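*Asks:* Take a look at the following structure, please.
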Amino acid sequence: MPYDPMMVQPMREELTRAGVQELRNASDVDAFMQNKSGTAMIVVNSVCGCAAGQARPGVRLALQGEIKPDRVATVFAGQDLDATAKARTYFAQVPPSSPSIALFKDGEVVHFVPRHMIEGRDALSLANHLSEAFQKYCTPATSR
Amino acid sequence: MGTFHHDKHALHGITVVVDTTGSRVFIGRCDDWNDNGVILLDADEHEDGTGGRSKQDYIAQAAKFGIWKKHDRVVVPGADVASVTRLGDIATL
């Protein structure tokens with residue numbers, strides 16, 4: 001059963017305030033994924049304190065870097081059920097978990113961070129990990 | 001910010017590998033660890049040698065991407081538990 005929307009709202013805003021586009025339904029997800037050129041990232045958000053509580057600030061930190069995905073979006077597991085289910089069809093080869101993070105290049109998943117790699121780690125560790133993936137797969141904004 | 005459950009074991013919410021003294025190994029999200037054993041949610045299990053995979057092969061694969069759950073809830077009796085390890089400690093971030 002979804003949590004109280006009022007309780008969840010700050011967890012949504014923690015990402016949207018960093019410029020992450022929120023996808024609330026399946027159509028939003030398809031529209032976001034329709035553009036297959038370049039790099040995109042989808043963050044599967046969650047209310048889980050022991051993992052998502054570090055995932056959100058980790059994502060925010062990583063996005064402050066010079067090199068980052070062209071487009072970044074989020075779905076909220078346990079809240080926006082259709083959007084989350086649709087998003088997972090784009091990385092159906094990996095078991096579902098939340099929070100988790102999928103990085104795409106030209107429409108293909110090139111990097112995935114499942115929940116168990118976020119649990120118990122601090123935001124900086126996750127940010128560093130994401131930044132390494134960004135440097136491997138993304139293009140600096142200045143050269144786009 | 002998030003939801004926390006301070007009345008549970010310290011591993012509550014963490015994905016763990018529960019190896020048994022027998023041939024089975026379980027991976028799931030730890031709900032609690034108490035006198036009844038280790039309680040796992042959204043868990044998978046593997047029998048040593050099934051599909052040509054050892055316990056170690058199975059754990060190594062799970063450490064990369066996670067597990068496909070077979071059980072909503074599993075209780076591994078304490079007497080059967082050989083070890084409990086965070087899956088994230090096996091995976092390399």
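Quick note on naming: the chains in the structure tokens go A, B, ... in the order shown, residues restart at 1 in each chain, and ligands are numbered from 1 in order of appearance.
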For chain B, which residues have at least one atom within 12 Å of chain A, if we go by only C-alpha atoms? Write them as a PyMOL selection string, please.
*Replies:* chain B and resi 1-6+10-17+27-30+42-44+61-70+85-93
*Asks:* Near A:Asp28, within 12 Å and counting only C-alpha atoms, which residues show up once chain neighbours fewer than 6 positions away are dropped, as a PyMOL selection string?
*Replies:* chain A and resi 21-22+34+73-75+80+82-84+86-87
*Asks:* Convert the current residue selection to file output with N, CA and C atoms, as a PDB file, in the first residue's frame.
*Replies:*
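That gives us out-v9.pdb:
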ATOM      1  N   GLN A  21      13.827  14.936 -13.493  1.00  0.00           N
ATOM      2  CA  GLN A  21      12.449  14.955 -13.996  1.00  0.00           C
ATOM      3  C   GLN A  21      11.658  13.810 -13.365  1.00  0.00           C
ATOM      4  N   GLU A  22      10.508  14.124 -12.847  1.00  0.00           N
ATOM      5  CA  GLU A  22       9.695  13.079 -12.219  1.00  0.00           C
ATOM      6  C   GLU A  22       8.722  12.489 -13.237  1.00  0.00           C
ATOM      7  N   GLN A  34      11.764   7.601 -25.105  1.00  0.00           N
ATOM      8  CA  GLN A  34      11.617   7.641 -26.559  1.00  0.00           C
ATOM      9  C   GLN A  34      12.875   8.200 -27.231  1.00  0.00           C
ATOM     10  N   ALA A  73      15.870  11.184 -14.849  1.00  0.00           N
ATOM     11  CA  ALA A  73      14.480  11.117 -14.408  1.00  0.00           C
ATOM     12  C   ALA A  73      14.360  10.168 -13.228  1.00  0.00           C
ATOM     13  N   THR A  74      13.194  10.208 -12.596  1.00  0.00           N
ATOM     14  CA  THR A  74      12.961   9.332 -11.453  1.00  0.00           C
ATOM     15  C   THR A  74      11.530   8.808 -11.466  1.00  0.00           C
ATOM     16  N   VAL A  75      11.389   7.583 -10.995  1.00  0.00           N
ATOM     17  CA  VAL A  75      10.069   7.017 -10.695  1.00  0.00           C
ATOM     18  C   VAL A  75      10.091   6.650  -9.221  1.00  0.00           C
ATOM     19  N   ASP A  80       4.211   5.437  -7.370  1.00  0.00           N
ATOM     20  CA  ASP A  80       3.751   5.567  -8.754  1.00  0.00           C
ATOM     21  C   ASP A  80       3.959   4.200  -9.417  1.00  0.00           C
ATOM     22  N   ASP A  82       2.459   2.322 -11.793  1.00  0.00           N
ATOM     23  CA  ASP A  82       2.503   2.129 -13.243  1.00  0.00           C
ATOM     24  C   ASP A  82       3.807   2.653 -13.826  1.00  0.00           C
ATOM     25  N   ALA A  83       4.212   3.800 -13.358  1.00  0.00           N
ATOM     26  CA  ALA A  83       5.464   4.385 -13.861  1.00  0.00           C
ATOM     27  C   ALA A  83       6.649   3.485 -13.528  1.00  0.00           C
ATOM     28  N   THR A  84       6.662   2.961 -12.312  1.00  0.00           N
ATOM     29  CA  THR A  84       7.778   2.107 -11.894  1.00  0.00           C
ATOM     30  C   THR A  84       7.792   0.816 -12.709  1.00  0.00           C
ATOM     31  N   LYS A  86       6.581   0.330 -15.661  1.00  0.00           N
ATOM     32  CA  LYS A  86       6.980   0.644 -17.036  1.00  0.00           C
ATOM     33  C   LYS A  86       8.486   0.896 -17.112  1.00  0.00           C
ATOM     34  N   ALA A  87       9.014   1.644 -16.162  1.00  0.00           N
ATOM     35  CA  ALA A  87      10.456   1.916 -16.169  1.00  0.00           C
ATOM     36  C   ALA A  87      11.238   0.613 -16.122  1.00  0.00           C
TER      37      ALA A  87
END
*Asks:* To one decimal in Å, tell me the separation between atom CA of A:Gly19 and atom CA of A:Glu108.
*Replies:*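 So the answer is 22.5 Å.
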*Asks:* How would you write, as number ranges by chain, the set of residues in chain B that DSSP gives as strand (DSSP E)?
*Replies:* B: 15-20, 24-34, 37-47, 71-76, 81-86
*Asks:* Work out how far apart atom CA of B:Ser23 and atom CA of B:His46 are and give it in Å to one decimal.
*Replies:*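 According to the coordinates, atom CA of B:Ser23 and atom CA of B:His46 are separated by 8.3 Å.
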*Asks:* Quick one: of B:Lys55, B:Asp31, B:Val18, B:Gly37, who's nearest to B:Gly78, counting only C-alpha atoms?
*Replies:* B:Gly37
*Asks:* When DSSP works through the backbone of this structure, what residues of chain B end up as alpha helix (DSSP H), shown as a list of chain:residue names?
*Replies:* B:Lys55, B:Gln56, B:Asp57, B:Tyr58, B:Ile59, B:Ala60, B:Gln61, B:Ala62, B:Ala63, B:Lys64, B:Phe65, B:Leu87, B:Gly88, B:Asp89, B:Ile90
*Asks:* The selected residues should be written to file as a PDB file, in the first residue's frame (atoms: N, CA and C atoms).
*Replies:*
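Written output follows (part-v8.pdb):
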ATOM      1  N   LYS B  55      27.053 -22.940  -4.612  1.00  0.00           N
ATOM      2  CA  LYS B  55      26.593 -21.830  -3.774  1.00  0.00           C
ATOM      3  C   LYS B  55      27.375 -20.562  -4.112  1.00  0.00           C
ATOM      4  N   GLN B  56      28.695 -20.724  -4.286  1.00  0.00           N
ATOM      5  CA  GLN B  56      29.544 -19.557  -4.537  1.00  0.00           C
ATOM      6  C   GLN B  56      29.223 -18.920  -5.886  1.00  0.00           C
ATOM      7  N   ASP B  57      28.951 -19.758  -6.883  1.00  0.00           N
ATOM      8  CA  ASP B  57      28.585 -19.226  -8.208  1.00  0.00           C
ATOM      9  C   ASP B  57      27.300 -18.393  -8.100  1.00  0.00           C
ATOM     10  N   TYR B  58      26.345 -18.957  -7.387  1.00  0.00           N
ATOM     11  CA  TYR B  58      25.046 -18.289  -7.234  1.00  0.00           C
ATOM     12  C   TYR B  58      25.217 -16.947  -6.505  1.00  0.00           C
ATOM     13  N   ILE B  59      25.991 -16.966  -5.442  1.00  0.00           N
ATOM     14  CA  ILE B  59      26.194 -15.736  -4.659  1.00  0.00           C
ATOM     15  C   ILE B  59      26.914 -14.675  -5.505  1.00  0.00           C
ATOM     16  N   ALA B  60      27.898 -15.114  -6.275  1.00  0.00           N
ATOM     17  CA  ALA B  60      28.649 -14.171  -7.112  1.00  0.00           C
ATOM     18  C   ALA B  60      27.733 -13.517  -8.144  1.00  0.00           C
ATOM     19  N   GLN B  61      26.838 -14.295  -8.730  1.00  0.00           N
ATOM     20  CA  GLN B  61      25.897 -13.750  -9.716  1.00  0.00           C
ATOM     21  C   GLN B  61      24.953 -12.755  -9.042  1.00  0.00           C
ATOM     22  N   ALA B  62      24.443 -13.142  -7.870  1.00  0.00           N
ATOM     23  CA  ALA B  62      23.521 -12.261  -7.151  1.00  0.00           C
ATOM     24  C   ALA B  62      24.190 -10.955  -6.753  1.00  0.00           C
ATOM     25  N   ALA B  63      25.474 -11.028  -6.450  1.00  0.00           N
ATOM     26  CA  ALA B  63      26.194  -9.821  -6.017  1.00  0.00           C
ATOM     27  C   ALA B  63      26.271  -8.780  -7.129  1.00  0.00           C
ATOM     28  N   LYS B  64      26.180  -9.226  -8.380  1.00  0.00           N
ATOM     29  CA  LYS B  64      26.265  -8.274  -9.493  1.00  0.00           C
ATOM     30  C   LYS B  64      24.977  -7.485  -9.663  1.00  0.00           C
ATOM     31  N   PHE B  65      23.843  -8.181  -9.684  1.00  0.00           N
ATOM     32  CA  PHE B  65      22.591  -7.510 -10.052  1.00  0.00           C
ATOM     33  C   PHE B  65      21.455  -7.697  -9.054  1.00  0.00           C
ATOM     34  N   LEU B  87      25.017  -8.773   1.278  1.00  0.00           N
ATOM     35  CA  LEU B  87      25.307  -8.976  -0.147  1.00  0.00           C
ATOM     36  C   LEU B  87      26.143  -7.824  -0.679  1.00  0.00           C
ATOM     37  N   GLY B  88      25.890  -6.635  -0.162  1.00  0.00           N
ATOM     38  CA  GLY B  88      26.648  -5.458  -0.602  1.00  0.00           C
ATOM     39  C   GLY B  88      28.118  -5.535  -0.251  1.00  0.00           C
ATOM     40  N   ASP B  89      28.469  -6.350   0.751  1.00  0.00           N
ATOM     41  CA  ASP B  89      29.879  -6.513   1.093  1.00  0.00           C
ATOM     42  C   ASP B  89      30.578  -7.453   0.124  1.00  0.00           C
ATOM     43  N   ILE B  90      29.791  -8.251  -0.572  1.00  0.00           N
ATOM     44  CA  ILE B  90      30.356  -9.157  -1.577  1.00  0.00           C
ATOM     45  C   ILE B  90      30.478  -8.426  -2.909  1.00  0.00           C
TER      46      ILE B  90
END
*Asks:* At a cut-off of 12 Å, using only C-alpha atoms, what residues contact B:Ala79? Leave out same-chain residues fewer than 5 positions from it and give the result as a PyMOL selection string.
*Replies:* chain B and resi 19-22+34-38
*Asks:* Output the selection as a compact mmCIF listing (two decimals), in the first residue's frame - N, CA and C atoms for each residue.
*Replies:*
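Written output follows (part11.txt):
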# COMPACT_ATOMS: atom_id res chain seq x y z
N ASP B 19 23.87 -18.29 4.56
CA ASP B 19 24.35 -19.63 4.20
C ASP B 19 23.94 -20.57 5.32
N THR B 20 23.60 -21.78 4.94
CA THR B 20 23.16 -22.75 5.94
C THR B 20 24.24 -23.81 6.15
N THR B 21 24.05 -24.59 7.17
CA THR B 21 24.98 -25.68 7.43
C THR B 21 24.76 -26.82 6.43
N GLY B 22 23.67 -26.76 5.68
CA GLY B 22 23.37 -27.77 4.68
C GLY B 22 23.70 -27.29 3.29
N ASN B 34 16.04 -13.06 15.12
CA ASN B 34 15.65 -13.23 16.51
C ASN B 34 15.72 -14.71 16.91
N ASP B 35 15.07 -15.06 17.98
CA ASP B 35 15.13 -16.43 18.49
C ASP B 35 14.59 -17.46 17.49
N ASN B 36 13.74 -17.00 16.58
CA ASN B 36 13.17 -17.92 15.58
C ASN B 36 14.13 -18.18 14.43
N GLY B 37 15.08 -17.31 14.24
CA GLY B 37 16.02 -17.43 13.13
C GLY B 37 16.12 -16.12 12.37
N VAL B 38 16.57 -16.24 11.14
CA VAL B 38 16.69 -15.06 10.30
C VAL B 38 15.45 -14.97 9.41
*Asks:* Quote the spacing between atom CA of B:Asp72 and atom CA of A:Leu81 in Å to one decimal place.
*Replies:*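 According to the coordinates, atom CA of B:Asp72 and atom CA of A:Leu81 are separated by 18.4 Å.
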*Asks:* From the options B:Asp32, B:Val25, B:Ser83, B:His71, which residue's atoms come nearest to B:Gly49, counting only C-alpha atoms?
*Replies:*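 Once distances to B:Gly49 are computed over only C-alpha atoms, the minimum belongs to B:Val25.
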